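Notes follow once the structure below has been shown.
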Amino acid sequence: MSADPFIGDLDLDDGESIDWGEPDVPSSPAPADLPVAAMPEVIRDYVTTVGEAMQVPVEMVLPAVIATLSATQLGKARVRATVDFSEPLNMEVLGIAPPGARKSSVFEIVTRPLVEWERERVERVGTRRAEAIALLDARRKQCEAVLRDYTRGQETEAELENARRGVTEAERAVPLLPRIFVQDATPEALGVFMRDTGGIAAVFSPEGDAISSFTRRYSDGGGLQAELLKKGWSGESVRNDRVNRDSIIIHEAHIAACVFTQPGVLQRMNDTEAMREQGVWGRFLIVRAGKVFGDRVSPLRAPRLDRGAVARYEGVVRRMLGLHQWDSSDSSNFGCREVKLGAEALEVTDRWWRELEPRLAPGGRWAGMTDWAGKVGSHVLRTAALLHIADHVDRGRDPFREELGEGWTETAFQLVDAISTHVQAELVGTTTTDFDANLLTIFHEVLERGDDYSVSEYHEEVKGRTWLRRVGDLEPYISELEARDCIRIASVSSGVGRPPKRWRINPRIRDSKNPKNTENSGAAG
């Protein structure tokens, strides 16, 4: 091999003539199974029957359930660990599943009680809201007329103040927008929506529609979308003043999100690192679906839904919504109900924290994803509180009277710990510090592009990543793939200019990835 790692004496017209060895294919540990069996009975039975009847992995069902439970508490409940430390119950989930995985069907059944509740609110409040808005418009026009007359000396200051008071009273009389669901909205539209709902939104998108708008650059409005996602997770205030547009002022933003997208999308997004630097992906529980294809049977032979488990789950969601007054805009901390950690839950939290913190240190398991792992404590406490509320409501008990115990706290830690392996598989490949994860990302992208793709063409597509700014940044990864006998690189002269450097993939790898290969058909599926 030449001293230049990109130059070799290969016959790229006949890959089979190369003396290939056994490839040492880069790989990452499979993400851990989610502890469905440890969930509250109502959640465990529902996730199990939906997964079996719809023939989808539980990794597609459980995250959607967690996000739905979160939507029932937006701006209305918090979990308190100490006098000085509490968290809202806002959860944001990103699922990774291939096309054809029945994502839309899962979303439809899991969110059905929320959809029905929203429709009932619209029917109940919609007419009253429209009448109140009409009255507000009339009061504003009246106030404008009084102001004109006042400037001409035709009205008194008392009349002007009376007109302004009438506008204020009419504004207070307008019920909140009786909606919660958003699927595909521009950043500005989402901001206006949340302003009119009292600061809440459930962003659910089964086909990744929201991902494209989440990752737009600031010039296209993505800056506001990222701000809403971040502050909507934290329960912070939002103020967005734009030229020639109404200001968007939200005293407390609360978002529950569940979005699915296809495998590899995060690694290929040019803005992924910017999203990480802004702390957006660190707020998401990222879950990769398990095996989707290969073992499914005809829908006629699939297990039937356990209607009792479905009715029980939907009843719990409705009763969790019924814990709060939704027509009031008071979502301040003082108006929230609280789940408080008991002494045993605090002990569990302290024990897990001592175990998990070393993973963030250099060389630790989470060293390449501290943006996400640094929020593990928040993910755990919020999840534990939601499990506590769901279980208590299911048993007919008041979740805000009884303290959060060690059981659901332990379960929440187990769940988030398992999800961390999914996050590592999807997110670490976008960091500048984990060579193995970056190598795995490049390897999969080489396979996607196939033989005879040029290194310069590939670099042009991925140079938005800060760790691949220059084509020379690829050299250590290309050299490693060559050393592992995964690829060979050669410069092919066309007689004009500098010859391009192209790769050839080890045929043994190509064969193993070929879905027509009968020995590997299960893996390919």
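Residues in the structure tokens are numbered from 1 in each chain, the chains being A, B, ... in the order shown, and ligands are numbered from 1 in the order shown.
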Please list as a PyMOL selection string every residue within 8 Å of A:His251, counting only C-alpha atoms and excluding residues in the same chain fewer than 6 positions away.
chain A and resi 199+236-238
Selected residues, all heavy atoms, written as a PDB file, in the first residue's frame, please.
```
ATOM      1  N   GLY A 199     -49.733  28.308  26.899  1.00  0.00           N
ATOM      2  CA  GLY A 199     -48.334  27.887  26.954  1.00  0.00           C
ATOM      3  C   GLY A 199     -48.105  26.407  26.771  1.00  0.00           C
ATOM      4  O   GLY A 199     -46.980  25.941  26.926  1.00  0.00           O
ATOM      5  N   GLU A 236     -39.847  27.157  30.912  1.00  0.00           N
ATOM      6  CA  GLU A 236     -39.377  28.535  31.015  1.00  0.00           C
ATOM      7  C   GLU A 236     -40.264  29.484  30.223  1.00  0.00           C
ATOM      8  O   GLU A 236     -41.094  29.064  29.411  1.00  0.00           O
ATOM      9  CB  GLU A 236     -37.944  28.633  30.503  1.00  0.00           C
ATOM     10  CG  GLU A 236     -36.944  27.767  31.256  1.00  0.00           C
ATOM     11  CD  GLU A 236     -35.564  27.849  30.639  1.00  0.00           C
ATOM     12  OE1 GLU A 236     -35.049  28.977  30.493  1.00  0.00           O
ATOM     13  OE2 GLU A 236     -35.012  26.799  30.281  1.00  0.00           O
ATOM     14  N   SER A 237     -40.033  30.771  30.427  1.00  0.00           N
ATOM     15  CA  SER A 237     -40.764  31.780  29.678  1.00  0.00           C
ATOM     16  C   SER A 237     -40.146  31.960  28.298  1.00  0.00           C
ATOM     17  O   SER A 237     -38.954  31.727  28.100  1.00  0.00           O
ATOM     18  CB  SER A 237     -40.752  33.115  30.431  1.00  0.00           C
ATOM     19  OG  SER A 237     -39.422  33.614  30.541  1.00  0.00           O
ATOM     20  N   VAL A 238     -40.985  32.375  27.345  1.00  0.00           N
ATOM     21  CA  VAL A 238     -40.551  32.609  25.965  1.00  0.00           C
ATOM     22  C   VAL A 238     -41.018  33.987  25.549  1.00  0.00           C
ATOM     23  O   VAL A 238     -42.182  34.347  25.746  1.00  0.00           O
ATOM     24  CB  VAL A 238     -41.140  31.556  25.005  1.00  0.00           C
ATOM     25  CG1 VAL A 238     -40.781  31.896  23.555  1.00  0.00           C
ATOM     26  CG2 VAL A 238     -40.646  30.163  25.360  1.00  0.00           C
TER      27      VAL A 238
END
```
Show which residues sit within 9 Å of A:Ala37, as a PyMOL selection string. Count only C-alpha atoms, and ignore same-chain residues fewer than 6 positions away.
chain A and resi 44-45+48
Quick one: everything within 8 Å of stretch 444-448 of chain A, counting only C-alpha atoms, minus sequence neighbours fewer than 3 positions away in the same chain. Send it as a PyMOL selection string.
chain A and resi 440-441+505+510
What lies within 8 Å of stretch 55-60 of chain A using only C-alpha atoms, ignoring chain neighbours under 5 positions off, as a count of residues only?
19
Close residues, A:His422 itself excluded, 7 Å, only C-alpha atoms, min 3 positions apart in chain, as a PyMOL selection string
chain A and resi 31+286-288+419+425-426
Can I get the selection written as a PDB file, in the first residue's frame, with all heavy atoms?
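Full text of result39.pdb as output:
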```pdb
ATOM      1  N   PRO A  31     -28.797  -1.857  21.484  1.00  0.00           N
ATOM      2  CA  PRO A  31     -29.480  -1.152  22.567  1.00  0.00           C
ATOM      3  C   PRO A  31     -30.214  -2.127  23.478  1.00  0.00           C
ATOM      4  O   PRO A  31     -30.717  -3.162  23.036  1.00  0.00           O
ATOM      5  CB  PRO A  31     -30.462  -0.232  21.825  1.00  0.00           C
ATOM      6  CG  PRO A  31     -29.874  -0.053  20.472  1.00  0.00           C
ATOM      7  CD  PRO A  31     -29.200  -1.342  20.162  1.00  0.00           C
ATOM      8  N   ILE A 286     -34.330   9.296  23.397  1.00  0.00           N
ATOM      9  CA  ILE A 286     -34.198   8.771  22.036  1.00  0.00           C
ATOM     10  C   ILE A 286     -34.221   7.250  22.097  1.00  0.00           C
ATOM     11  O   ILE A 286     -33.402   6.635  22.790  1.00  0.00           O
ATOM     12  CB  ILE A 286     -32.908   9.282  21.382  1.00  0.00           C
ATOM     13  CG1 ILE A 286     -32.902  10.816  21.368  1.00  0.00           C
ATOM     14  CG2 ILE A 286     -32.765   8.731  19.973  1.00  0.00           C
ATOM     15  CD1 ILE A 286     -31.622  11.437  20.835  1.00  0.00           C
ATOM     16  N   VAL A 287     -35.176   6.651  21.399  1.00  0.00           N
ATOM     17  CA  VAL A 287     -35.378   5.203  21.477  1.00  0.00           C
ATOM     18  C   VAL A 287     -35.387   4.615  20.071  1.00  0.00           C
ATOM     19  O   VAL A 287     -36.121   5.087  19.195  1.00  0.00           O
ATOM     20  CB  VAL A 287     -36.702   4.865  22.191  1.00  0.00           C
ATOM     21  CG1 VAL A 287     -36.871   3.347  22.295  1.00  0.00           C
ATOM     22  CG2 VAL A 287     -36.736   5.491  23.580  1.00  0.00           C
ATOM     23  N   ARG A 288     -34.579   3.598  19.867  1.00  0.00           N
ATOM     24  CA  ARG A 288     -34.519   2.907  18.580  1.00  0.00           C
ATOM     25  C   ARG A 288     -35.400   1.661  18.642  1.00  0.00           C
ATOM     26  O   ARG A 288     -35.282   0.847  19.561  1.00  0.00           O
ATOM     27  CB  ARG A 288     -33.080   2.502  18.258  1.00  0.00           C
ATOM     28  CG  ARG A 288     -32.951   1.711  16.961  1.00  0.00           C
ATOM     29  CD  ARG A 288     -31.584   1.079  16.837  1.00  0.00           C
ATOM     30  NE  ARG A 288     -30.524   2.057  16.616  1.00  0.00           N
ATOM     31  CZ  ARG A 288     -29.255   1.724  16.424  1.00  0.00           C
ATOM     32  NH1 ARG A 288     -28.889   0.439  16.489  1.00  0.00           N
ATOM     33  NH2 ARG A 288     -28.340   2.664  16.230  1.00  0.00           N
ATOM     34  N   ILE A 419     -32.638   3.308  28.064  1.00  0.00           N
ATOM     35  CA  ILE A 419     -32.743   4.258  26.950  1.00  0.00           C
ATOM     36  C   ILE A 419     -31.390   4.885  26.639  1.00  0.00           C
ATOM     37  O   ILE A 419     -31.102   5.224  25.480  1.00  0.00           O
ATOM     38  CB  ILE A 419     -33.796   5.333  27.277  1.00  0.00           C
ATOM     39  CG1 ILE A 419     -35.198   4.719  27.221  1.00  0.00           C
ATOM     40  CG2 ILE A 419     -33.702   6.523  26.323  1.00  0.00           C
ATOM     41  CD1 ILE A 419     -36.314   5.663  27.639  1.00  0.00           C
ATOM     42  N   ALA A 425     -26.329   4.775  20.766  1.00  0.00           N
ATOM     43  CA  ALA A 425     -26.273   4.225  19.415  1.00  0.00           C
ATOM     44  C   ALA A 425     -26.624   5.274  18.361  1.00  0.00           C
ATOM     45  O   ALA A 425     -26.063   5.267  17.265  1.00  0.00           O
ATOM     46  CB  ALA A 425     -27.228   3.038  19.304  1.00  0.00           C
ATOM     47  N   GLU A 426     -27.530   6.194  18.693  1.00  0.00           N
ATOM     48  CA  GLU A 426     -27.999   7.158  17.704  1.00  0.00           C
ATOM     49  C   GLU A 426     -27.266   8.492  17.744  1.00  0.00           C
ATOM     50  O   GLU A 426     -27.065   9.128  16.728  1.00  0.00           O
ATOM     51  CB  GLU A 426     -29.503   7.414  17.896  1.00  0.00           C
ATOM     52  CG  GLU A 426     -30.373   6.249  17.492  1.00  0.00           C
ATOM     53  CD  GLU A 426     -30.299   5.950  16.006  1.00  0.00           C
ATOM     54  OE1 GLU A 426     -30.061   6.885  15.209  1.00  0.00           O
ATOM     55  OE2 GLU A 426     -30.463   4.775  15.636  1.00  0.00           O
TER      56      GLU A 426
END
```
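Our summary of the geometry notes that atom CA of A:Val174 is positioned 21.6 Å from atom CA of A:Ala202.
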Would you list the contacts of A:His324 as JSON, numbers by chain, taking every protein, DNA or RNA residue within 10 Å and counting only C-alpha atoms, but skipping same-chain residues closer than 6 positions in sequence?
{"A": [72, 73, 74, 75, 76, 77, 336, 337]}
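Shortest atom-to-atom contact with A:Val122 among A:Thr197, A:Asp84, A:Asp149, A:Asn162: A:Thr197, counting only C-alpha atoms.
Each of A:Lys375, A:Glu161, A:Asn506, A:Thr421 was compared to A:Ala32 using only C-alpha atoms, and A:Thr421 turns out to be the nearest.
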Residue contacts of A:Val423 (12 Å, only C-alpha atoms) excluding same-chain residues fewer than 6 positions away, as a ChimeraX atom specification:
/A:28-32,93-96,266-267,281-289,365-366,368-373,376,416-417,429-430,437
Would you mind writing down, as a list in words, each residue of stretch 1-158 of chain A that DSSP on the backbone assigns to strand (DSSP E or B)?
Ala77, Arg78, Val79, Arg80, Ala81, Thr82, Phe85, Ser86, Glu87, Pro88, Glu92, Val93, Leu94, Gly95 and Ile96 of chain A
Quick check, in Å to one decimal: how far apart do atom CA of A:Glu92 and atom CA of A:Pro263 lie?
18.1 Å
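Note that atom CA of A:Gln424 and atom CA of A:Arg488 are 28.6 Å apart.
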Rank A:Trp408, A:Tyr458, A:Tyr477, A:Trp20 by their smallest atom-to-atom distance to A:Pro500, using only C-alpha atoms, and report the top residue only.
A:Tyr458
Residue list (alpha helix (DSSP H), DSSP) for stretch 253-327 of chain A, as a count of residues only
25
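The smallest atom-to-atom distance between A:Ala64 and any of A:Arg112, A:Arg470, A:Arg484, A:Arg318, using only C-alpha atoms, is found for A:Arg112.
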